[in-house]
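> Sharing structure-v8.cif, mmCIF, C-alpha atoms and all ligand atoms:
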data_work
loop_
_atom_site.group_PDB
_atom_site.id
_atom_site.type_symbol
_atom_site.label_atom_id
_atom_site.label_comp_id
_atom_site.auth_asym_id
_atom_site.auth_seq_id
_atom_site.Cartn_x
_atom_site.Cartn_y
_atom_site.Cartn_z
ATOM 1 C CA MET V 5 0.572 5.426 -17.789
ATOM 2 C CA GLU V 6 -2.892 6.650 -17.063
ATOM 3 C CA PHE V 7 -6.042 4.515 -17.003
ATOM 4 C CA GLN V 8 -9.408 6.035 -16.152
ATOM 5 C CA GLY V 9 -7.658 8.551 -13.900
ATOM 6 C CA THR V 10 -5.182 6.206 -12.199
ATOM 7 C CA ARG V 11 -1.736 7.758 -12.521
ATOM 8 C CA VAL V 12 1.450 5.704 -12.569
ATOM 9 C CA LEU V 13 4.655 7.670 -12.041
ATOM 10 C CA PRO V 14 7.450 5.390 -13.283
ATOM 11 C CA GLY V 15 10.826 5.753 -11.617
ATOM 12 C CA TYR V 16 9.607 8.475 -9.264
ATOM 13 C CA LEU V 17 12.198 7.509 -6.616
ATOM 14 C CA ASP V 18 15.817 7.029 -7.614
ATOM 15 C CA LYS V 19 17.898 4.151 -6.302
ATOM 16 C CA SER V 20 19.386 6.043 -3.378
ATOM 17 C CA ARG V 21 15.972 7.202 -2.146
ATOM 18 C CA GLN V 22 14.671 3.653 -2.534
ATOM 19 C CA MET V 23 17.563 2.335 -0.439
ATOM 20 C CA ALA V 24 16.959 4.977 2.227
ATOM 21 C CA LEU V 25 13.248 4.136 2.305
ATOM 22 C CA VAL V 26 13.992 0.453 2.874
ATOM 23 C CA GLU V 27 15.999 1.428 5.964
ATOM 24 C CA THR V 28 13.125 3.643 7.085
ATOM 25 C CA VAL V 29 10.695 0.746 6.707
ATOM 26 C CA ARG V 30 13.031 -1.592 8.606
ATOM 27 C CA ASP V 31 13.044 0.922 11.426
ATOM 28 C CA VAL V 32 9.234 1.121 11.470
ATOM 29 C CA ALA V 33 9.069 -2.678 11.491
ATOM 30 C CA ARG V 34 11.239 -2.766 14.612
ATOM 31 C CA HIS V 35 8.440 -0.893 16.422
ATOM 32 C CA ALA V 36 5.585 -2.477 14.505
ATOM 33 C CA PRO V 37 6.434 -5.982 13.314
ATOM 34 C CA LEU V 38 4.802 -7.404 10.188
ATOM 35 C CA ASN V 39 1.570 -9.307 10.814
ATOM 36 C CA ARG V 40 0.055 -12.156 8.911
ATOM 37 C CA PHE V 41 -3.658 -11.456 9.210
ATOM 38 C CA MET V 42 -6.503 -13.882 8.740
ATOM 39 C CA THR V 43 -9.335 -12.919 6.461
ATOM 40 C CA PRO V 44 -12.842 -12.957 7.949
ATOM 41 C CA TYR V 45 -13.239 -16.222 6.034
ATOM 42 C CA GLY V 46 -10.515 -17.818 8.141
ATOM 43 C CA LYS V 47 -7.855 -17.888 5.424
ATOM 44 C CA GLN V 48 -4.412 -16.485 5.965
ATOM 45 C CA MET V 49 -3.515 -13.505 3.778
ATOM 46 C CA SER V 50 -0.409 -14.041 1.672
ATOM 47 C CA VAL V 51 0.684 -10.404 2.097
ATOM 48 C CA ARG V 52 2.220 -9.495 5.467
ATOM 49 C CA MET V 53 1.264 -6.091 6.852
ATOM 50 C CA THR V 54 2.203 -3.434 9.303
ATOM 51 C CA ALA V 55 1.686 0.321 9.448
ATOM 52 C CA ALA V 56 2.791 3.692 10.696
ATOM 53 C CA GLY V 57 0.557 6.605 11.620
ATOM 54 C CA ARG V 58 -2.418 7.486 13.768
ATOM 55 C CA VAL V 59 -4.153 4.341 12.607
ATOM 56 C CA GLY V 60 -3.153 1.084 10.969
ATOM 57 C CA TRP V 61 -4.960 -1.765 9.336
ATOM 58 C CA VAL V 62 -5.908 -4.848 11.323
ATOM 59 C CA ALA V 63 -8.001 -7.876 10.529
ATOM 60 C CA ASP V 64 -9.478 -10.664 12.611
ATOM 61 C CA GLN V 65 -12.577 -12.830 12.852
ATOM 62 C CA THR V 66 -14.757 -9.751 13.253
ATOM 63 C CA GLY V 67 -13.514 -8.223 9.992
ATOM 64 C CA TYR V 68 -11.090 -5.640 8.703
ATOM 65 C CA ARG V 69 -10.759 -2.212 10.182
ATOM 66 C CA TYR V 70 -8.467 0.678 10.923
ATOM 67 C CA SER V 71 -7.266 0.640 14.499
ATOM 68 C CA ALA V 72 -5.152 2.974 16.611
ATOM 69 C CA PHE V 73 -3.425 -0.090 18.043
ATOM 70 C CA GLN V 74 -1.305 -2.907 16.750
ATOM 71 C CA PRO V 75 -2.476 -6.447 17.535
ATOM 72 C CA SER V 76 -0.026 -6.345 20.472
ATOM 73 C CA GLY V 77 -1.966 -3.397 21.952
ATOM 74 C CA VAL V 78 0.789 -0.870 21.281
ATOM 75 C CA PRO V 79 0.124 2.255 19.152
ATOM 76 C CA TRP V 80 1.657 2.410 15.668
ATOM 77 C CA PRO V 81 4.867 4.410 15.254
ATOM 78 C CA PRO V 82 4.543 7.812 13.552
ATOM 79 C CA ILE V 83 4.890 8.085 9.776
ATOM 80 C CA PRO V 84 8.554 8.898 9.103
ATOM 81 C CA GLN V 85 9.356 12.268 7.568
ATOM 82 C CA ASP V 86 10.869 10.925 4.346
ATOM 83 C CA ILE V 87 7.612 9.083 3.613
ATOM 84 C CA LEU V 88 5.510 12.135 4.491
ATOM 85 C CA SER V 89 7.489 14.285 2.108
ATOM 86 C CA ILE V 90 6.685 11.969 -0.816
ATOM 87 C CA TRP V 91 2.982 12.497 -0.058
ATOM 88 C CA THR V 92 3.416 16.265 0.149
ATOM 89 C CA ASP V 93 5.480 16.483 -3.035
ATOM 90 C CA ILE V 94 2.995 14.457 -5.052
ATOM 91 C CA THR V 95 -0.321 15.738 -3.694
ATOM 92 C CA ASP V 96 0.627 19.286 -2.729
ATOM 93 C CA LEU V 97 -1.728 18.906 0.238
ATOM 94 C CA ALA V 98 -1.194 20.519 3.644
ATOM 95 C CA ARG V 99 -3.111 17.649 5.250
ATOM 96 C CA ALA V 100 -0.855 14.748 6.188
ATOM 97 C CA PRO V 101 -1.957 11.156 5.724
ATOM 98 C CA ASP V 102 -3.221 9.279 8.798
ATOM 99 C CA CYS V 103 -1.913 5.909 7.743
ATOM 100 C CA CYS V 104 1.065 4.485 5.933
ATOM 101 C CA LEU V 105 0.170 0.868 5.340
ATOM 102 C CA ILE V 106 3.206 -1.330 4.743
ATOM 103 C CA ASN V 107 2.642 -4.471 2.698
ATOM 104 C CA PHE V 108 5.328 -7.096 2.246
ATOM 105 C CA TYR V 109 4.976 -9.569 -0.638
ATOM 106 C CA ASP V 110 7.098 -12.677 -0.841
ATOM 107 C CA GLU V 111 7.339 -14.316 -4.234
ATOM 108 C CA ASN V 112 4.047 -16.158 -3.803
ATOM 109 C CA ALA V 113 2.004 -13.311 -2.373
ATOM 110 C CA ARG V 114 -0.788 -11.594 -4.232
ATOM 111 C CA MET V 115 -3.612 -9.196 -3.518
ATOM 112 C CA GLY V 116 -7.061 -9.749 -4.984
ATOM 113 C CA LEU V 117 -8.954 -7.039 -6.828
ATOM 114 C CA HIS V 118 -10.491 -4.636 -4.301
ATOM 115 C CA GLN V 119 -11.451 -1.025 -3.665
ATOM 116 C CA ASP V 120 -9.878 1.115 -0.929
ATOM 117 C CA LYS V 121 -13.121 2.191 0.652
ATOM 118 C CA ASP V 122 -12.733 2.047 4.420
ATOM 119 C CA GLU V 123 -11.764 5.687 4.705
ATOM 120 C CA GLY V 124 -14.208 8.415 5.754
ATOM 121 C CA ASN V 125 -13.765 10.702 2.765
ATOM 122 C CA PHE V 126 -12.843 9.712 -0.772
ATOM 123 C CA ASP V 127 -11.877 13.241 -1.783
ATOM 124 C CA TRP V 128 -8.384 12.559 -0.477
ATOM 125 C CA PRO V 129 -6.030 10.712 -2.832
ATOM 126 C CA VAL V 130 -4.265 7.422 -2.201
ATOM 127 C CA VAL V 131 -0.516 7.348 -2.889
ATOM 128 C CA SER V 132 1.166 3.979 -3.273
ATOM 129 C CA ILE V 133 4.928 3.391 -3.457
ATOM 130 C CA SER V 134 6.608 0.244 -4.825
ATOM 131 C CA LEU V 135 9.991 -1.049 -3.603
ATOM 132 C CA GLY V 136 11.748 -4.260 -4.591
ATOM 133 C CA ASP V 137 10.604 -6.907 -7.044
ATOM 134 C CA ASP V 138 8.401 -6.055 -10.031
ATOM 135 C CA ALA V 139 4.696 -6.628 -9.467
ATOM 136 C CA LEU V 140 1.874 -7.046 -11.942
ATOM 137 C CA PHE V 141 -0.651 -4.393 -10.937
ATOM 138 C CA ARG V 142 -4.164 -4.615 -12.299
ATOM 139 C CA VAL V 143 -6.431 -1.611 -12.207
ATOM 140 C CA GLY V 144 -9.961 -1.161 -13.434
ATOM 141 C CA THR V 145 -12.890 1.135 -12.915
ATOM 142 C CA ASN V 146 -15.301 1.613 -10.014
ATOM 143 C CA ASP V 147 -17.228 -1.375 -11.336
ATOM 144 C CA ARG V 148 -15.916 -4.790 -10.359
ATOM 145 C CA ARG V 149 -16.943 -6.190 -13.753
ATOM 146 C CA GLY V 150 -15.497 -3.265 -15.704
ATOM 147 C CA PRO V 151 -12.432 -3.438 -17.971
ATOM 148 C CA THR V 152 -9.002 -3.685 -16.338
ATOM 149 C CA ARG V 153 -5.515 -2.872 -17.442
ATOM 150 C CA SER V 154 -2.277 -4.426 -16.217
ATOM 151 C CA VAL V 155 1.067 -2.759 -15.701
ATOM 152 C CA TRP V 156 4.312 -4.022 -14.198
ATOM 153 C CA LEU V 157 5.210 -1.807 -11.247
ATOM 154 C CA LYS V 158 8.940 -1.504 -10.663
ATOM 155 C CA SER V 159 10.917 -0.411 -7.647
ATOM 156 C CA GLY V 160 10.595 3.352 -7.247
ATOM 157 C CA ASP V 161 7.294 3.635 -9.125
ATOM 158 C CA VAL V 162 4.426 5.499 -7.480
ATOM 159 C CA VAL V 163 0.698 5.038 -8.190
ATOM 160 C CA VAL V 164 -1.867 7.714 -7.389
ATOM 161 C CA LEU V 165 -5.581 6.931 -7.080
ATOM 162 C CA GLU V 166 -7.490 10.184 -7.014
ATOM 163 C CA GLY V 167 -10.624 11.863 -8.301
ATOM 164 C CA PRO V 168 -12.494 9.547 -10.643
ATOM 165 C CA SER V 169 -10.045 6.700 -9.953
ATOM 166 C CA ARG V 170 -10.084 6.996 -6.156
ATOM 167 C CA LEU V 171 -12.394 4.002 -5.882
ATOM 168 C CA ALA V 172 -10.976 2.052 -8.819
ATOM 169 C CA TYR V 173 -10.682 -1.691 -8.321
ATOM 170 C CA HIS V 174 -7.040 -2.740 -8.132
ATOM 171 C CA GLY V 175 -4.840 -5.608 -7.048
ATOM 172 C CA ILE V 176 -1.529 -7.396 -7.491
ATOM 173 C CA ASP V 177 -1.704 -10.541 -9.639
ATOM 174 C CA ARG V 178 1.862 -11.728 -9.115
ATOM 175 C CA LEU V 179 5.476 -10.810 -8.554
ATOM 176 C CA LYS V 180 8.458 -11.339 -10.789
ATOM 177 C CA PRO V 181 10.804 -13.013 -8.289
ATOM 178 C CA ARG V 182 14.366 -11.716 -8.105
ATOM 179 C CA SER V 183 13.711 -8.911 -10.580
ATOM 180 C CA SER V 184 15.204 -6.398 -8.127
ATOM 181 C CA THR V 185 18.159 -6.522 -5.763
ATOM 182 C CA LEU V 186 16.850 -3.750 -3.504
ATOM 183 C CA LEU V 187 15.700 -6.142 -0.777
ATOM 184 C CA ARG V 188 18.451 -8.532 0.259
ATOM 185 C CA GLU V 189 16.076 -11.465 0.599
ATOM 186 C CA GLY V 190 13.937 -10.489 -2.402
ATOM 187 C CA GLY V 191 10.230 -9.705 -2.378
ATOM 188 C CA ARG V 192 8.392 -6.441 -2.570
ATOM 189 C CA LEU V 193 7.355 -3.664 -0.216
ATOM 190 C CA ASN V 194 4.391 -1.473 -0.940
ATOM 191 C CA LEU V 195 3.715 1.664 1.087
ATOM 192 C CA THR V 196 0.196 3.072 0.835
ATOM 193 C CA LEU V 197 -0.556 6.531 2.187
ATOM 194 C CA ARG V 198 -4.127 7.480 3.019
ATOM 195 C CA VAL V 199 -6.131 10.059 4.885
ATOM 196 C CA VAL V 200 -8.497 7.975 6.975
ATOM 197 C CA GLU V 201 -10.588 10.595 8.791
ATOM 198 C CA ASP V 202 -12.450 9.432 11.846
ATOM 199 C CA PRO V 203 -12.983 5.847 11.605
ATOM 200 C CA ILE V 204 -11.806 3.774 14.558
HETATM 201 C C1 LIG N 1 -3.014 -2.408 -2.006
HETATM 202 O O1 LIG N 1 -3.877 -2.181 -2.827
HETATM 203 O O2 LIG N 1 -3.250 -2.407 -0.799
HETATM 204 C C2 LIG N 1 -1.608 -2.715 -2.431
HETATM 205 C C3 LIG N 1 -1.300 -2.384 -3.837
HETATM 206 C C4 LIG N 1 0.133 -2.704 -4.145
HETATM 207 O O3 LIG N 1 0.723 -3.568 -3.485
HETATM 208 O O4 LIG N 1 0.695 -2.098 -5.062
HETATM 209 FE FE FE2 N 2 -5.678 -1.184 -2.186
#
Write the structure described by the file as structure tokens, please.


Amino acid sequence: MEFQGTRVLPGYLDKSRQMALVETVRDVARHAPLNRFMTPYGKQMSVRMTAAGRVGWVADQTGYRYSAFQPSGVPWPPIPQDILSIWTDITDLARAPDCCLINFYDENARMGLHQDKDEGNFDWPVVSISLGDDALFRVGTNDRRGPTRSVWLKSGDVVVLEGPSRLAYHGIDRLKPRSSTLLREGGRLNLTLRVVEDPI
């Protein structure tokens, strides 16, 4: 599917690569446990998050930002090689991503429509990998009030936001619980790879 430049690559990862990636993510989470961040408005986010890479995403009363440190004060673990190679295969870029954000959705989690715009340079693409339960992804244009299109993302699908779609509004409206058996306890993992460039 393609909508205003957003590319969806259905079934990009086969089952065995998906299973291996889940183990990789479990290993990252042993060094960087999932966090349940508060929004600046004092509400708890439904999606739990952690990261790998030079920087990860943190949120507290002062706002959202990339940080070189986990909330515990420890640096994030490096981005594992099998995740890096997905980035390289898809983008063909020599530059590695700075951040692999790891989102975990339980069956009630959702992510409101937003732009990924906290990076220093929007020329780099965003690569987003889905694992586990199906999720209803909504993507629009660079205008919050513009038209949107919805697509069910399945385990192994990859979405690329690049060029004209790099700043497209997007979000996850809901999950289809128990639609995948990849994660023993159900739910969905989303891995988002980004070049962040000099923020901190
Ligand atoms: C995000 O936009 O941060 C996550 C998108 C997704 O879960 O597919
Ligand atoms: Fe996003």

> Give me, as a list in words, all polymer residues having an atom no more than 7 Å from V:Asp177, counting all atoms listed in the file and skipping those fewer than 4 positions away in the same chain.

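The residues satisfying every condition are Arg114, Met115, Leu140, Phe141 and Arg142 of chain V.
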
> Need to verify the contact set: V:Ser50, 10 Å, only C-alpha atoms, exclusion of same-chain residues closer than 4 positions in sequence. Can you return it as a list in words?

Arg40, Phe41, Met42, Phe108, Tyr109, Asp110, Glu111, Asn112, Ala113, Arg114 and Met115 of chain V

> So, with all atoms listed in the file as the atoms that count, which of V:Leu187, V:Ala172, V:Val32, V:Ala98 lies closest to ligand LIG 1 (chain N)?

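Checking each of V:Leu187, V:Ala172, V:Val32, V:Ala98 against ligand LIG 1 (chain N), counting all atoms listed in the file, the winner is V:Ala172.
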
> For chain V against ligand FE2 2 (chain N), with a cut-off of 8 Å and counting all atoms listed in the file, what is the closest atom pair and its distance in Å to one decimal for every residue that makes the cut, ordered by chain and number, as a tab-separated table?


residue	atom	partner	partner_atom	distance
V:His118	CA	N:FE2_2	FE	6.3
V:Gln119	CA	N:FE2_2	FE	6.0
V:Asp120	CA	N:FE2_2	FE	5.0
V:Tyr173	CA	N:FE2_2	FE	7.9
V:His174	CA	N:FE2_2	FE	6.3
V:Gly175	CA	N:FE2_2	FE	6.6
V:Thr196	CA	N:FE2_2	FE	7.9

> Could you pull the residues within 6 Å of stretch 52-64 of chain V, counting only C-alpha atoms, minus those fewer than 6 positions along the same chain, as a list in words?

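Listing them by chain and then by number gives Leu38, Asn39, Arg40, Phe41, Met42, Tyr70, Ser71, Ala72, Trp80, Pro81, Pro82, Ile83, Asp102, Cys103, Cys104, Leu105, Ile106, Asn107 and Phe108 of chain V.
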
> Any chance you could work out the residue set of the PyMOL selection byres (((chain V and resi 200) around 10) and not hetatm) here, as a VMD selection string?

chain V and resid 58 to 60 70 101 to 103 121 to 126 128 197 to 199 201 to 204

> Quick check on the file I pasted: which residues fall under the PyMOL selection byres (((chain V and resi 7) around 12) and not hetatm)? Write them as a list in words.

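Applying the expression gives Met5, Glu6, Gln8, Gly9, Thr10, Arg11, Val12, Arg142, Val143, Gly144, Thr145, Asn146, Pro151, Thr152, Arg153, Ser154, Val155, Val163, Val164, Leu165, Glu166, Pro168, Ser169, Arg170, Ala172, Tyr173 and His174 of chain V.
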
> Nearest to V:Asp161: which of V:Ala139, V:Leu25, V:Leu193, V:Ile133 is it, counting all atoms listed in the file?

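Among the listed residues, the smallest separation from V:Asp161 belongs to V:Ile133.
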
> Please measure the separation of atom CA of V:Glu189 and atom CA of V:Val29, giving the value in Å to one decimal.

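Value for the atom CA of V:Glu189-atom CA of V:Val29 distance: 14.7 Å.
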
> On this structure, the PyMOL selection byres (((chain V and resi 137) around 8) and not hetatm) would catch which residues? List them as a VMD selection string, sorted by chain and number.

chain V and resid 135 to 136 138 to 139 158 to 159 179 to 186 190 to 192

> Given all atoms listed in the file as the basis, pick out the residue of V:Gly116, V:Gly67, V:Asp127, V:Pro84 nearest to V:Tyr45.

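Ranking V:Gly116, V:Gly67, V:Asp127, V:Pro84 by distance to V:Tyr45, first place goes to V:Gly67.
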
> Taking all atoms of ligand LIG 1 (chain N) that appear in the file, build a box with edges along x, y and z, extend it by 4 Å on every side, and state its centre and edge lengths in Å to one decimal, as lines of an AutoDock Vina configuration file.


center_x = -1.6
center_y = -2.8
center_z = -2.9
size_x = 12.6
size_y = 9.5
size_z = 12.3

> From the set V:Gly77, V:Gly150, V:Gly160, V:Pro37, which residue has the shortest atom-to-atom contact distance to ligand LIG 1 (chain N), counting only C-alpha atoms and all ligand atoms?

V:Gly160

> Could you please determine the separation between atom CA of V:Lys19 and atom CA of V:Asp31 in Å, to one decimal place?

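Separating atom CA of V:Lys19 from atom CA of V:Asp31 is a distance of 18.7 Å.
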
> Assuming the input is short of atoms at stretch 82-99 of chain V, produce N, CA, C and O atoms for that part as an mmCIF file, in the frame of the given file.


data_model
loop_
_atom_site.group_PDB
_atom_site.id
_atom_site.type_symbol
_atom_site.label_atom_id
_atom_site.label_comp_id
_atom_site.auth_asym_id
_atom_site.auth_seq_id
_atom_site.Cartn_x
_atom_site.Cartn_y
_atom_site.Cartn_z
ATOM 1 N N PRO V 82 4.932 6.726 14.465
ATOM 2 C CA PRO V 82 4.543 7.812 13.552
ATOM 3 C C PRO V 82 5.069 7.569 12.126
ATOM 4 O O PRO V 82 6.032 6.831 11.936
ATOM 5 N N ILE V 83 4.425 8.205 11.167
ATOM 6 C CA ILE V 83 4.890 8.085 9.776
ATOM 7 C C ILE V 83 6.198 8.870 9.641
ATOM 8 O O ILE V 83 6.238 10.055 9.942
ATOM 9 N N PRO V 84 7.264 8.204 9.208
ATOM 10 C CA PRO V 84 8.554 8.898 9.103
ATOM 11 C C PRO V 84 8.514 10.053 8.098
ATOM 12 O O PRO V 84 7.777 10.022 7.112
ATOM 13 N N GLN V 85 9.347 11.038 8.363
ATOM 14 C CA GLN V 85 9.356 12.268 7.568
ATOM 15 C C GLN V 85 9.643 12.023 6.088
ATOM 16 O O GLN V 85 9.052 12.666 5.226
ATOM 17 N N ASP V 86 10.547 11.101 5.777
ATOM 18 C CA ASP V 86 10.869 10.925 4.346
ATOM 19 C C ASP V 86 9.679 10.340 3.574
ATOM 20 O O ASP V 86 9.524 10.584 2.377
ATOM 21 N N ILE V 87 8.820 9.599 4.272
ATOM 22 C CA ILE V 87 7.612 9.083 3.613
ATOM 23 C C ILE V 87 6.582 10.208 3.483
ATOM 24 O O ILE V 87 5.958 10.381 2.433
ATOM 25 N N LEU V 88 6.448 11.009 4.547
ATOM 26 C CA LEU V 88 5.510 12.135 4.491
ATOM 27 C C LEU V 88 5.846 13.095 3.364
ATOM 28 O O LEU V 88 4.968 13.653 2.707
ATOM 29 N N SER V 89 7.141 13.290 3.120
ATOM 30 C CA SER V 89 7.489 14.285 2.108
ATOM 31 C C SER V 89 7.156 13.791 0.699
ATOM 32 O O SER V 89 6.887 14.603 -0.188
ATOM 33 N N ILE V 90 7.113 12.481 0.496
ATOM 34 C CA ILE V 90 6.685 11.969 -0.816
ATOM 35 C C ILE V 90 5.211 12.334 -1.041
ATOM 36 O O ILE V 90 4.812 12.810 -2.097
ATOM 37 N N TRP V 91 4.406 12.123 -0.002
ATOM 38 C CA TRP V 91 2.982 12.497 -0.058
ATOM 39 C C TRP V 91 2.821 13.987 -0.390
ATOM 40 O O TRP V 91 2.063 14.371 -1.273
ATOM 41 N N THR V 92 3.559 14.814 0.331
ATOM 42 C CA THR V 92 3.416 16.265 0.149
ATOM 43 C C THR V 92 3.869 16.686 -1.245
ATOM 44 O O THR V 92 3.212 17.478 -1.915
ATOM 45 N N ASP V 93 4.982 16.118 -1.706
ATOM 46 C CA ASP V 93 5.480 16.483 -3.035
ATOM 47 C C ASP V 93 4.478 16.100 -4.122
ATOM 48 O O ASP V 93 4.272 16.836 -5.078
ATOM 49 N N ILE V 94 3.868 14.944 -3.986
ATOM 50 C CA ILE V 94 2.995 14.457 -5.052
ATOM 51 C C ILE V 94 1.613 15.101 -5.001
ATOM 52 O O ILE V 94 1.044 15.454 -6.021
ATOM 53 N N THR V 95 1.068 15.265 -3.785
ATOM 54 C CA THR V 95 -0.321 15.738 -3.694
ATOM 55 C C THR V 95 -0.423 17.247 -3.525
ATOM 56 O O THR V 95 -1.481 17.814 -3.796
ATOM 57 N N ASP V 96 0.665 17.861 -3.003
ATOM 58 C CA ASP V 96 0.627 19.286 -2.729
ATOM 59 C C ASP V 96 -0.388 19.635 -1.638
ATOM 60 O O ASP V 96 -0.869 20.758 -1.570
ATOM 61 N N LEU V 97 -0.733 18.676 -0.814
ATOM 62 C CA LEU V 97 -1.728 18.906 0.238
ATOM 63 C C LEU V 97 -1.052 19.282 1.550
ATOM 64 O O LEU V 97 0.000 18.731 1.891
ATOM 65 N N ALA V 98 -1.697 20.189 2.312
ATOM 66 C CA ALA V 98 -1.194 20.519 3.644
ATOM 67 C C ALA V 98 -1.548 19.410 4.633
ATOM 68 O O ALA V 98 -0.845 19.182 5.614
ATOM 69 N N ARG V 99 -2.647 18.731 4.373
ATOM 70 C CA ARG V 99 -3.111 17.649 5.250
ATOM 71 C C ARG V 99 -2.201 16.436 5.096
ATOM 72 O O ARG V 99 -1.970 15.970 3.980
#
